[in-house]
Structure formats: C-alpha cells, structure tokens
$ cat start-v6.txt   # compact mmCIF, N, CA and C atoms
# COMPACT_ATOMS: atom_id res chain seq x y z
N MET P 23 72.64 -78.44 -128.60
CA MET P 23 71.86 -77.40 -127.97
C MET P 23 72.42 -77.15 -126.58
N ALA P 24 72.93 -75.98 -126.35
CA ALA P 24 73.53 -75.63 -125.06
C ALA P 24 72.44 -75.22 -124.08
N VAL P 25 72.63 -75.64 -122.86
CA VAL P 25 71.68 -75.29 -121.80
C VAL P 25 72.27 -74.12 -121.03
N GLU P 26 71.52 -73.05 -120.87
CA GLU P 26 71.99 -71.86 -120.17
C GLU P 26 72.15 -72.15 -118.68
N SER P 27 72.91 -71.30 -118.02
CA SER P 27 73.18 -71.48 -116.59
C SER P 27 71.90 -71.42 -115.76
N GLY P 28 71.01 -70.47 -116.10
CA GLY P 28 69.74 -70.36 -115.38
C GLY P 28 68.87 -71.58 -115.56
N ASP P 29 68.89 -72.14 -116.77
CA ASP P 29 68.12 -73.35 -117.03
C ASP P 29 68.69 -74.54 -116.26
N LYS P 30 70.03 -74.60 -116.16
CA LYS P 30 70.66 -75.69 -115.39
C LYS P 30 70.24 -75.62 -113.94
N MET P 31 70.23 -74.41 -113.38
CA MET P 31 69.86 -74.28 -111.96
C MET P 31 68.37 -74.58 -111.75
N ARG P 32 67.54 -74.21 -112.69
CA ARG P 32 66.11 -74.53 -112.58
C ARG P 32 65.92 -76.04 -112.57
N ILE P 33 66.66 -76.73 -113.44
CA ILE P 33 66.59 -78.19 -113.47
C ILE P 33 67.07 -78.79 -112.15
N VAL P 34 68.15 -78.23 -111.61
CA VAL P 34 68.69 -78.72 -110.33
C VAL P 34 67.68 -78.53 -109.21
N ILE P 35 67.01 -77.38 -109.18
CA ILE P 35 66.03 -77.12 -108.13
C ILE P 35 64.85 -78.08 -108.25
N TYR P 36 64.34 -78.25 -109.46
CA TYR P 36 63.23 -79.19 -109.65
C TYR P 36 63.65 -80.62 -109.28
N TYR P 37 64.86 -80.98 -109.65
CA TYR P 37 65.37 -82.31 -109.31
C TYR P 37 65.48 -82.48 -107.79
N ALA P 38 65.96 -81.46 -107.11
CA ALA P 38 66.09 -81.55 -105.65
C ALA P 38 64.72 -81.72 -104.99
N VAL P 39 63.74 -81.00 -105.47
CA VAL P 39 62.38 -81.16 -104.93
C VAL P 39 61.85 -82.56 -105.23
N TRP P 40 62.05 -83.04 -106.45
CA TRP P 40 61.57 -84.37 -106.83
C TRP P 40 62.26 -85.46 -106.02
N ALA P 41 63.59 -85.34 -105.84
CA ALA P 41 64.32 -86.33 -105.06
C ALA P 41 63.83 -86.33 -103.60
N THR P 42 63.53 -85.15 -103.07
CA THR P 42 62.99 -85.07 -101.71
C THR P 42 61.63 -85.75 -101.61
N ILE P 43 60.80 -85.54 -102.60
CA ILE P 43 59.48 -86.18 -102.61
C ILE P 43 59.63 -87.71 -102.69
N CYS P 44 60.50 -88.18 -103.57
CA CYS P 44 60.70 -89.63 -103.71
C CYS P 44 61.26 -90.24 -102.43
N ALA P 45 62.21 -89.58 -101.81
CA ALA P 45 62.78 -90.08 -100.55
C ALA P 45 61.74 -90.06 -99.43
N THR P 46 60.88 -89.04 -99.43
CA THR P 46 59.82 -88.95 -98.42
C THR P 46 58.83 -90.09 -98.58
N VAL P 47 58.42 -90.35 -99.81
CA VAL P 47 57.47 -91.44 -100.06
C VAL P 47 58.07 -92.78 -99.63
N ALA P 48 59.34 -93.00 -99.95
CA ALA P 48 59.99 -94.25 -99.54
C ALA P 48 60.01 -94.36 -98.02
N GLY P 49 60.33 -93.28 -97.34
CA GLY P 49 60.36 -93.30 -95.88
C GLY P 49 59.00 -93.51 -95.25
N ILE P 50 57.97 -92.89 -95.83
CA ILE P 50 56.60 -93.06 -95.31
C ILE P 50 56.13 -94.50 -95.50
N VAL P 51 56.41 -95.08 -96.66
CA VAL P 51 56.02 -96.48 -96.90
C VAL P 51 56.71 -97.40 -95.90
N ILE P 52 57.99 -97.17 -95.66
CA ILE P 52 58.70 -97.97 -94.67
C ILE P 52 58.15 -97.73 -93.27
N ALA P 53 57.79 -96.50 -92.95
CA ALA P 53 57.20 -96.20 -91.64
C ALA P 53 55.89 -96.97 -91.45
N LEU P 54 55.08 -97.02 -92.51
CA LEU P 54 53.83 -97.78 -92.43
C LEU P 54 54.10 -99.27 -92.26
N LEU P 55 55.04 -99.81 -93.05
CA LEU P 55 55.38 -101.23 -92.93
C LEU P 55 55.95 -101.54 -91.54
N HIS P 56 56.81 -100.69 -91.07
CA HIS P 56 57.42 -100.91 -89.75
C HIS P 56 56.37 -100.89 -88.65
N THR P 57 55.48 -99.92 -88.72
CA THR P 57 54.47 -99.79 -87.66
C THR P 57 53.51 -100.97 -87.65
N TRP P 58 53.04 -101.38 -88.82
CA TRP P 58 52.00 -102.40 -88.85
C TRP P 58 52.52 -103.84 -88.92
N LEU P 59 53.72 -104.05 -89.40
CA LEU P 59 54.19 -105.43 -89.56
C LEU P 59 55.33 -105.81 -88.63
N PHE P 60 56.17 -104.86 -88.25
CA PHE P 60 57.38 -105.21 -87.52
C PHE P 60 57.40 -104.71 -86.08
N SER P 61 56.38 -104.01 -85.63
CA SER P 61 56.38 -103.46 -84.27
C SER P 61 55.25 -104.07 -83.46
N TYR P 62 55.57 -104.38 -82.22
CA TYR P 62 54.52 -104.81 -81.29
C TYR P 62 54.10 -103.58 -80.50
N ILE P 63 52.88 -103.13 -80.74
CA ILE P 63 52.38 -101.94 -80.08
C ILE P 63 51.02 -102.29 -79.47
N PRO P 64 50.96 -102.36 -78.14
CA PRO P 64 49.73 -102.81 -77.50
C PRO P 64 48.60 -101.78 -77.48
N SER P 65 48.88 -100.51 -77.68
CA SER P 65 47.82 -99.50 -77.59
C SER P 65 47.77 -98.66 -78.86
N ARG P 66 46.62 -98.03 -79.06
CA ARG P 66 46.44 -97.17 -80.23
C ARG P 66 47.35 -95.95 -80.15
N SER P 67 47.52 -95.39 -78.97
CA SER P 67 48.39 -94.22 -78.84
C SER P 67 49.84 -94.59 -79.15
N GLY P 68 50.26 -95.77 -78.76
CA GLY P 68 51.61 -96.23 -79.09
C GLY P 68 51.78 -96.41 -80.59
N LEU P 69 50.74 -96.92 -81.24
CA LEU P 69 50.78 -97.09 -82.69
C LEU P 69 50.92 -95.74 -83.38
N ILE P 70 50.13 -94.78 -82.96
CA ILE P 70 50.19 -93.44 -83.57
C ILE P 70 51.54 -92.79 -83.29
N HIS P 71 52.04 -92.95 -82.08
CA HIS P 71 53.33 -92.37 -81.73
C HIS P 71 54.45 -92.97 -82.60
N THR P 72 54.45 -94.28 -82.74
CA THR P 72 55.48 -94.94 -83.56
C THR P 72 55.38 -94.51 -85.02
N LEU P 73 54.18 -94.49 -85.55
CA LEU P 73 53.99 -94.09 -86.94
C LEU P 73 54.42 -92.64 -87.15
N PHE P 74 54.02 -91.76 -86.24
CA PHE P 74 54.35 -90.34 -86.37
C PHE P 74 55.85 -90.11 -86.25
N SER P 75 56.48 -90.74 -85.28
CA SER P 75 57.92 -90.52 -85.10
C SER P 75 58.72 -91.09 -86.28
N ASP P 76 58.30 -92.24 -86.80
CA ASP P 76 58.96 -92.80 -87.99
C ASP P 76 58.79 -91.89 -89.20
N ALA P 77 57.59 -91.34 -89.37
CA ALA P 77 57.32 -90.46 -90.51
C ALA P 77 58.11 -89.16 -90.40
N VAL P 78 58.21 -88.60 -89.20
CA VAL P 78 58.98 -87.36 -89.02
C VAL P 78 60.46 -87.61 -89.30
N THR P 79 60.96 -88.73 -88.84
CA THR P 79 62.36 -89.08 -89.11
C THR P 79 62.60 -89.23 -90.60
N ALA P 80 61.69 -89.91 -91.30
CA ALA P 80 61.82 -90.09 -92.75
C ALA P 80 61.79 -88.75 -93.47
N LEU P 81 60.92 -87.85 -93.03
CA LEU P 81 60.82 -86.53 -93.65
C LEU P 81 62.09 -85.72 -93.42
N ALA P 82 62.66 -85.80 -92.23
CA ALA P 82 63.89 -85.07 -91.94
C ALA P 82 65.05 -85.60 -92.78
N ILE P 83 65.15 -86.90 -92.90
CA ILE P 83 66.22 -87.48 -93.72
C ILE P 83 66.03 -87.11 -95.19
N ALA P 84 64.80 -87.16 -95.67
CA ALA P 84 64.52 -86.80 -97.06
C ALA P 84 64.85 -85.33 -97.32
N ALA P 85 64.55 -84.45 -96.38
CA ALA P 85 64.88 -83.04 -96.55
C ALA P 85 66.40 -82.85 -96.61
N GLY P 86 67.11 -83.59 -95.79
CA GLY P 86 68.57 -83.53 -95.83
C GLY P 86 69.12 -84.01 -97.16
N GLN P 87 68.54 -85.08 -97.66
CA GLN P 87 68.98 -85.58 -98.97
C GLN P 87 68.66 -84.59 -100.08
N GLY P 88 67.52 -83.93 -99.97
CA GLY P 88 67.19 -82.90 -100.95
C GLY P 88 68.21 -81.77 -100.93
N ALA P 89 68.66 -81.39 -99.75
CA ALA P 89 69.67 -80.34 -99.63
C ALA P 89 71.00 -80.80 -100.24
N VAL P 90 71.36 -82.05 -99.99
CA VAL P 90 72.60 -82.60 -100.55
C VAL P 90 72.52 -82.62 -102.08
N VAL P 91 71.39 -83.03 -102.61
CA VAL P 91 71.19 -83.08 -104.06
C VAL P 91 71.27 -81.66 -104.64
N LEU P 92 70.68 -80.69 -103.94
CA LEU P 92 70.70 -79.31 -104.41
C LEU P 92 72.13 -78.77 -104.46
N VAL P 93 72.90 -79.00 -103.42
CA VAL P 93 74.29 -78.53 -103.38
C VAL P 93 75.12 -79.24 -104.45
N THR P 94 74.97 -80.55 -104.55
CA THR P 94 75.73 -81.30 -105.55
C THR P 94 75.37 -80.86 -106.96
N GLY P 95 74.09 -80.72 -107.23
CA GLY P 95 73.65 -80.28 -108.56
C GLY P 95 74.11 -78.87 -108.89
N SER P 96 74.10 -77.98 -107.90
CA SER P 96 74.54 -76.61 -108.19
C SER P 96 76.05 -76.57 -108.42
N LEU P 97 76.81 -77.40 -107.70
CA LEU P 97 78.24 -77.47 -107.97
C LEU P 97 78.50 -78.01 -109.38
N LEU P 98 77.76 -79.01 -109.77
CA LEU P 98 77.91 -79.54 -111.13
C LEU P 98 77.56 -78.48 -112.17
N ALA P 99 76.51 -77.71 -111.90
CA ALA P 99 76.10 -76.65 -112.83
C ALA P 99 77.18 -75.57 -112.93
N GLN P 100 77.84 -75.27 -111.83
CA GLN P 100 78.92 -74.28 -111.87
C GLN P 100 80.10 -74.77 -112.70
N PHE P 101 80.29 -76.07 -112.74
CA PHE P 101 81.36 -76.64 -113.55
C PHE P 101 80.90 -76.90 -114.99
N GLY P 102 79.70 -76.42 -115.33
CA GLY P 102 79.23 -76.51 -116.70
C GLY P 102 78.53 -77.80 -117.05
N ARG P 103 78.25 -78.63 -116.09
CA ARG P 103 77.57 -79.89 -116.36
C ARG P 103 76.07 -79.72 -116.15
N ALA P 104 75.31 -80.41 -116.96
CA ALA P 104 73.85 -80.37 -116.85
C ALA P 104 73.36 -81.74 -116.39
N LEU P 105 72.24 -81.75 -115.72
CA LEU P 105 71.64 -83.00 -115.27
C LEU P 105 70.68 -83.50 -116.33
N GLN P 106 70.67 -84.80 -116.54
CA GLN P 106 69.73 -85.41 -117.48
C GLN P 106 68.97 -86.51 -116.76
N SER P 107 67.81 -86.84 -117.25
CA SER P 107 66.97 -87.91 -116.69
C SER P 107 66.72 -87.71 -115.20
N THR P 108 66.38 -86.49 -114.82
CA THR P 108 66.22 -86.19 -113.40
C THR P 108 65.03 -86.91 -112.76
N VAL P 109 64.02 -87.22 -113.54
CA VAL P 109 62.90 -87.98 -112.98
C VAL P 109 63.39 -89.35 -112.54
N LEU P 110 64.17 -89.99 -113.36
CA LEU P 110 64.71 -91.31 -113.01
C LEU P 110 65.71 -91.21 -111.87
N LEU P 111 66.49 -90.14 -111.84
CA LEU P 111 67.46 -89.97 -110.75
C LEU P 111 66.74 -89.83 -109.41
N GLY P 112 65.66 -89.06 -109.39
CA GLY P 112 64.88 -88.92 -108.16
C GLY P 112 64.28 -90.24 -107.72
N LEU P 113 63.80 -91.00 -108.69
CA LEU P 113 63.26 -92.33 -108.36
C LEU P 113 64.35 -93.25 -107.82
N LEU P 114 65.56 -93.12 -108.35
CA LEU P 114 66.68 -93.91 -107.84
C LEU P 114 67.01 -93.56 -106.40
N VAL P 115 66.95 -92.28 -106.07
CA VAL P 115 67.18 -91.86 -104.67
C VAL P 115 66.13 -92.51 -103.77
N GLY P 116 64.86 -92.43 -104.17
CA GLY P 116 63.80 -93.04 -103.38
C GLY P 116 63.93 -94.56 -103.30
N LEU P 117 64.30 -95.19 -104.40
CA LEU P 117 64.47 -96.65 -104.41
C LEU P 117 65.62 -97.07 -103.52
N PHE P 118 66.72 -96.34 -103.56
CA PHE P 118 67.85 -96.66 -102.69
C PHE P 118 67.44 -96.52 -101.22
N ASP P 119 66.75 -95.43 -100.90
CA ASP P 119 66.29 -95.24 -99.52
C ASP P 119 65.39 -96.39 -99.08
N PHE P 120 64.43 -96.75 -99.94
CA PHE P 120 63.51 -97.82 -99.60
C PHE P 120 64.26 -99.12 -99.34
N ALA P 121 65.18 -99.46 -100.23
CA ALA P 121 65.94 -100.71 -100.10
C ALA P 121 66.77 -100.70 -98.81
N MET P 122 67.43 -99.58 -98.53
CA MET P 122 68.26 -99.52 -97.34
C MET P 122 67.41 -99.62 -96.07
N TYR P 123 66.32 -98.86 -96.03
CA TYR P 123 65.44 -98.91 -94.85
C TYR P 123 64.84 -100.30 -94.67
N PHE P 124 64.43 -100.93 -95.78
CA PHE P 124 63.81 -102.24 -95.68
C PHE P 124 64.80 -103.29 -95.16
N VAL P 125 66.02 -103.27 -95.67
CA VAL P 125 67.03 -104.22 -95.20
C VAL P 125 67.30 -104.01 -93.71
N GLN P 126 67.40 -102.76 -93.29
CA GLN P 126 67.66 -102.49 -91.88
C GLN P 126 66.48 -102.86 -91.00
N MET P 127 65.28 -102.77 -91.53
CA MET P 127 64.10 -103.13 -90.76
C MET P 127 63.95 -104.66 -90.69
N ALA P 128 64.18 -105.33 -91.79
CA ALA P 128 63.99 -106.78 -91.85
C ALA P 128 65.15 -107.54 -91.20
N VAL P 129 66.35 -106.97 -91.26
CA VAL P 129 67.54 -107.60 -90.68
C VAL P 129 68.15 -106.60 -89.71
N PRO P 130 67.72 -106.61 -88.45
CA PRO P 130 68.21 -105.61 -87.49
C PRO P 130 69.73 -105.57 -87.33
N ALA P 131 70.41 -106.66 -87.60
CA ALA P 131 71.88 -106.66 -87.51
C ALA P 131 72.50 -105.77 -88.58
N ALA P 132 71.75 -105.42 -89.63
CA ALA P 132 72.27 -104.56 -90.69
C ALA P 132 72.23 -103.08 -90.29
N GLU P 133 71.59 -102.77 -89.18
CA GLU P 133 71.53 -101.39 -88.70
C GLU P 133 72.90 -101.00 -88.17
N LEU P 134 73.51 -99.98 -88.77
CA LEU P 134 74.85 -99.57 -88.42
C LEU P 134 74.90 -98.44 -87.40
N GLY P 135 73.80 -97.75 -87.20
CA GLY P 135 73.77 -96.57 -86.32
C GLY P 135 73.49 -95.33 -87.15
N TRP P 136 73.19 -94.23 -86.48
CA TRP P 136 72.77 -93.02 -87.19
C TRP P 136 73.86 -92.43 -88.07
N ILE P 137 75.06 -92.30 -87.55
CA ILE P 137 76.13 -91.63 -88.33
C ILE P 137 76.46 -92.41 -89.61
N PRO P 138 76.73 -93.72 -89.54
CA PRO P 138 76.99 -94.44 -90.80
C PRO P 138 75.79 -94.44 -91.75
N ASP P 139 74.59 -94.51 -91.21
CA ASP P 139 73.40 -94.48 -92.06
C ASP P 139 73.31 -93.16 -92.83
N ILE P 140 73.51 -92.06 -92.14
CA ILE P 140 73.44 -90.75 -92.78
C ILE P 140 74.55 -90.60 -93.81
N VAL P 141 75.74 -91.07 -93.47
CA VAL P 141 76.87 -91.00 -94.42
C VAL P 141 76.54 -91.81 -95.68
N ILE P 142 75.97 -92.98 -95.51
CA ILE P 142 75.60 -93.82 -96.67
C ILE P 142 74.54 -93.13 -97.53
N LEU P 143 73.53 -92.55 -96.89
CA LEU P 143 72.46 -91.87 -97.65
C LEU P 143 72.99 -90.63 -98.38
N VAL P 144 73.88 -89.89 -97.73
CA VAL P 144 74.47 -88.71 -98.38
C VAL P 144 75.33 -89.15 -99.56
N ALA P 145 76.15 -90.17 -99.36
CA ALA P 145 77.01 -90.66 -100.45
C ALA P 145 76.17 -91.17 -101.62
N ALA P 146 75.07 -91.85 -101.32
CA ALA P 146 74.21 -92.35 -102.39
C ALA P 146 73.57 -91.20 -103.16
N ALA P 147 73.11 -90.17 -102.45
CA ALA P 147 72.50 -89.02 -103.12
C ALA P 147 73.51 -88.30 -104.00
N VAL P 148 74.73 -88.14 -103.52
CA VAL P 148 75.78 -87.50 -104.32
C VAL P 148 76.12 -88.36 -105.53
N ALA P 149 76.29 -89.65 -105.32
CA ALA P 149 76.65 -90.55 -106.43
C ALA P 149 75.56 -90.58 -107.50
N ILE P 150 74.31 -90.65 -107.09
CA ILE P 150 73.21 -90.68 -108.06
C ILE P 150 73.16 -89.38 -108.84
N THR P 151 73.37 -88.26 -108.16
CA THR P 151 73.35 -86.96 -108.84
C THR P 151 74.51 -86.83 -109.83
N VAL P 152 75.69 -87.22 -109.40
CA VAL P 152 76.86 -87.15 -110.30
C VAL P 152 76.67 -88.10 -111.49
N PHE P 153 76.06 -89.25 -111.25
CA PHE P 153 75.78 -90.20 -112.32
C PHE P 153 74.90 -89.59 -113.40
N GLY P 154 74.01 -88.68 -113.02
CA GLY P 154 73.10 -88.06 -113.97
C GLY P 154 73.63 -86.83 -114.67
N ALA P 155 74.87 -86.44 -114.37
CA ALA P 155 75.45 -85.25 -114.99
C ALA P 155 76.08 -85.59 -116.34
N ILE P 156 75.90 -84.71 -117.28
CA ILE P 156 76.53 -84.90 -118.59
C ILE P 156 77.52 -83.76 -118.83
N LYS P 157 78.54 -84.06 -119.60
CA LYS P 157 79.54 -83.05 -119.95
C LYS P 157 78.93 -82.05 -120.91
N PRO P 158 79.41 -80.81 -120.83
CA PRO P 158 78.90 -79.84 -121.79
C PRO P 158 79.34 -80.17 -123.22
N SER P 159 78.48 -79.83 -124.15
CA SER P 159 78.82 -80.12 -125.55
C SER P 159 79.86 -79.11 -126.03
N THR P 160 80.69 -79.53 -126.95
CA THR P 160 81.74 -78.66 -127.47
C THR P 160 81.30 -77.89 -128.71
N ALA P 161 80.01 -77.96 -129.04
CA ALA P 161 79.50 -77.31 -130.26
C ALA P 161 79.47 -75.82 -130.12
$ encode --input "start-v6.txt" --output "structure tokens"
Amino acid sequence: MAVESGDKMRIVIYYAVWATICATVAGIVIALLHTWLFSYIPSRSGLIHTLFSDAVTALAIAAGQGAVVLVTGSLLAQFGRALQSTVLLGLLVGLFDFAMYFVQMAVPAAELGWIPDIVILVAAAVAITVFGAIKPSTA
C-alpha cells in the first residue's frame, strides 16, 4: 500500500507536534526535579523564578527539536520515504532528552555547554527521525 505525498507530510507534521510535546514534558519534569531536589533556593520568589526559567528553556529547546524533526521528516518525504511508528519515535525523543538532562543535572561535570548540548539534541532528533523512515515499496 503506497502512501501518498500529502499523507506523508501529514504524518510528518503530526510527528513533529508529538515529538515537541514529548520533549516538552521531559524538560518540564526535569525542571521540576531540578527546582525541588537539586537547587538551594531560600525564597519563594527564587523558587518560582528558577522553575519558570527552567520551564521556558525546556520549551524553547523542545520547539527547536520539533522544527528539526519537521525539516528532517519533510526531507525524507521528498525522497519518497515514509515515517513509521511515529508515536514511539516521539517518545524516544522525549526519553533521550530526559536522560541527557538528568545526567547533566545529577553529574554537573557532564554539562558540556550550550553549543555542544544543542548539537547533541539536534543530532539525536535527526537520528531518531531517520531511524523511523522506511523505504518506499516497489509494488
């Protein structure tokens, strides 16, 4: 059963939204853990500021990953490849984000800086998306 080009793009768009949601949830969970378990914050306003700034950062990174997934998926669709198991792929993006954020939070020496972190997250999003692409059938 061949998947039409419009159907491929619809799947890519839904996958990009799902991957963004999964990455956002992972970032918010880490923001909550970081604020309540790993940060010393003497005042309520400091607590809210830390939680809010961590959540905004997680949302921005997740939006960027969603854009990367959208571009990668649309390029794959142009080459005739379709995405499969997109629900699991989105969960993998979120799981990778959670694991990376948790390691960096629990082991501060693992923090590489913003540029390497972003490069790693972009590479992971691209790799996960390419992993979910299937070749077109020859039927």
$ residues_around --input "start-v6.txt" --residues "segment 36-42 of chain P" --least-positions-apart "6" --cutoff "5 Å" --atoms "all atoms listed in the file" --output "list of chain:residue names"
P:Ala84, P:Gly88, P:Leu92, P:Gly112
$ select_by_dssp --input "start-v6.txt" --residues "chain P" --states "strand (DSSP E or B)" --output "JSON, numbers by chain"
{"P": [104, 105, 155, 156]}
$ atom_distance --input "start-v6.txt" --atom1 "atom CA of Leu114 of chain P" --atom2 "atom CA of Gly154 of chain P"
10.6 Å
$ closest_residue --input "start-v6.txt" --among "P:Glu133, P:Ala48, P:Ser67, P:His56" --to "Val115 of chain P" --atoms "all atoms listed in the file"
P:Ala48
$ atom_distance --input "start-v6.txt" --atom1 "atom CA of Gln106 of chain P" --atom2 "atom C of Val141 of chain P"
23.7 Å
$ closest_residue --input "start-v6.txt" --among "P:Gly116, P:Phe124, P:Gly28, P:Ser65" --to "Ile52 of chain P" --atoms "only N, CA and C atoms"
P:Phe124
$ select_by_dssp --input "start-v6.txt" --residues "segment 37-161 of chain P" --states "alpha helix (DSSP H)" --output "MDAnalysis selection string"
chainID P and resid 37:55 66:100 108:128 136:153
$ closest_residue --input "start-v6.txt" --among "P:Ala80, P:Ala128, P:Ala155, P:Val91" --to "Ile35 of chain P" --atoms "only N, CA and C atoms"
P:Val91
$ atom_distance --input "start-v6.txt" --atom1 "atom C of Pro138 of chain P" --atom2 "atom C of Ala104 of chain P"
27.8 Å
$ closest_residue --input "start-v6.txt" --among "P:Ile142, P:Pro130, P:Val152, P:Arg32" --to "Leu98 of chain P" --atoms "only N, CA and C atoms"
P:Val152
$ residues_around --input "start-v6.txt" --residues "Val51 of chain P" --least-positions-apart "3" --cutoff "12 Å" --atoms "only C-alpha atoms" --output "mmCIF file with N, CA and C atoms, in the frame of the given file"
data_model
loop_
_atom_site.group_PDB
_atom_site.id
_atom_site.type_symbol
_atom_site.label_atom_id
_atom_site.label_comp_id
_atom_site.auth_asym_id
_atom_site.auth_seq_id
_atom_site.Cartn_x
_atom_site.Cartn_y
_atom_site.Cartn_z
ATOM 1 N N CYS P 44 60.500 -88.180 -103.570
ATOM 2 C CA CYS P 44 60.700 -89.630 -103.710
ATOM 3 C C CYS P 44 61.260 -90.240 -102.430
ATOM 4 N N ALA P 45 62.210 -89.580 -101.810
ATOM 5 C CA ALA P 45 62.780 -90.080 -100.550
ATOM 6 C C ALA P 45 61.740 -90.060 -99.430
ATOM 7 N N THR P 46 60.880 -89.040 -99.430
ATOM 8 C CA THR P 46 59.820 -88.950 -98.420
ATOM 9 C C THR P 46 58.830 -90.090 -98.580
ATOM 10 N N VAL P 47 58.420 -90.350 -99.810
ATOM 11 C CA VAL P 47 57.470 -91.440 -100.060
ATOM 12 C C VAL P 47 58.070 -92.780 -99.630
ATOM 13 N N ALA P 48 59.340 -93.000 -99.950
ATOM 14 C CA ALA P 48 59.990 -94.250 -99.540
ATOM 15 C C ALA P 48 60.010 -94.360 -98.020
ATOM 16 N N LEU P 54 55.080 -97.020 -92.510
ATOM 17 C CA LEU P 54 53.830 -97.780 -92.430
ATOM 18 C C LEU P 54 54.100 -99.270 -92.260
ATOM 19 N N LEU P 55 55.040 -99.810 -93.050
ATOM 20 C CA LEU P 55 55.380 -101.230 -92.930
ATOM 21 C C LEU P 55 55.950 -101.540 -91.540
ATOM 22 N N HIS P 56 56.810 -100.690 -91.070
ATOM 23 C CA HIS P 56 57.420 -100.910 -89.750
ATOM 24 C C HIS P 56 56.370 -100.890 -88.650
ATOM 25 N N THR P 57 55.480 -99.920 -88.720
ATOM 26 C CA THR P 57 54.470 -99.790 -87.660
ATOM 27 C C THR P 57 53.510 -100.970 -87.650
ATOM 28 N N TRP P 58 53.040 -101.380 -88.820
ATOM 29 C CA TRP P 58 52.000 -102.400 -88.850
ATOM 30 C C TRP P 58 52.520 -103.840 -88.920
ATOM 31 N N LEU P 59 53.720 -104.050 -89.400
ATOM 32 C CA LEU P 59 54.190 -105.430 -89.560
ATOM 33 C C LEU P 59 55.330 -105.810 -88.630
ATOM 34 N N LEU P 73 54.180 -94.490 -85.550
ATOM 35 C CA LEU P 73 53.990 -94.090 -86.940
ATOM 36 C C LEU P 73 54.420 -92.640 -87.150
ATOM 37 N N ASP P 76 58.300 -92.240 -86.800
ATOM 38 C CA ASP P 76 58.960 -92.800 -87.990
ATOM 39 C C ASP P 76 58.790 -91.890 -89.200
ATOM 40 N N ALA P 77 57.590 -91.340 -89.370
ATOM 41 C CA ALA P 77 57.320 -90.460 -90.510
ATOM 42 C C ALA P 77 58.110 -89.160 -90.400
ATOM 43 N N ALA P 80 61.690 -89.910 -91.300
ATOM 44 C CA ALA P 80 61.820 -90.090 -92.750
ATOM 45 C C ALA P 80 61.790 -88.750 -93.470
ATOM 46 N N LEU P 81 60.920 -87.850 -93.030
ATOM 47 C CA LEU P 81 60.820 -86.530 -93.650
ATOM 48 C C LEU P 81 62.090 -85.720 -93.420
ATOM 49 N N GLY P 116 64.860 -92.430 -104.170
ATOM 50 C CA GLY P 116 63.800 -93.040 -103.380
ATOM 51 C C GLY P 116 63.930 -94.560 -103.300
ATOM 52 N N LEU P 117 64.300 -95.190 -104.400
ATOM 53 C CA LEU P 117 64.470 -96.650 -104.410
ATOM 54 C C LEU P 117 65.620 -97.070 -103.520
ATOM 55 N N ASP P 119 66.750 -95.430 -100.900
ATOM 56 C CA ASP P 119 66.290 -95.240 -99.520
ATOM 57 C C ASP P 119 65.390 -96.390 -99.080
ATOM 58 N N PHE P 120 64.430 -96.750 -99.940
ATOM 59 C CA PHE P 120 63.510 -97.820 -99.600
ATOM 60 C C PHE P 120 64.260 -99.120 -99.340
ATOM 61 N N ALA P 121 65.180 -99.460 -100.230
ATOM 62 C CA ALA P 121 65.940 -100.710 -100.100
ATOM 63 C C ALA P 121 66.770 -100.700 -98.810
ATOM 64 N N TYR P 123 66.320 -98.860 -96.030
ATOM 65 C CA TYR P 123 65.440 -98.910 -94.850
ATOM 66 C C TYR P 123 64.840 -100.300 -94.670
ATOM 67 N N PHE P 124 64.430 -100.930 -95.780
ATOM 68 C CA PHE P 124 63.810 -102.240 -95.680
ATOM 69 C C PHE P 124 64.800 -103.290 -95.160
#
$ closest_residue --input "start-v6.txt" --among "P:Met127, P:Ala149, P:Ala99, P:Val78" --to "Phe60 of chain P" --atoms "only N, CA and C atoms"
P:Met127
$ closest_residue --input "start-v6.txt" --among "P:Ala53, P:Val90, P:Ala146, P:Met31" --to "Phe74 of chain P" --atoms "all atoms listed in the file"
P:Ala53
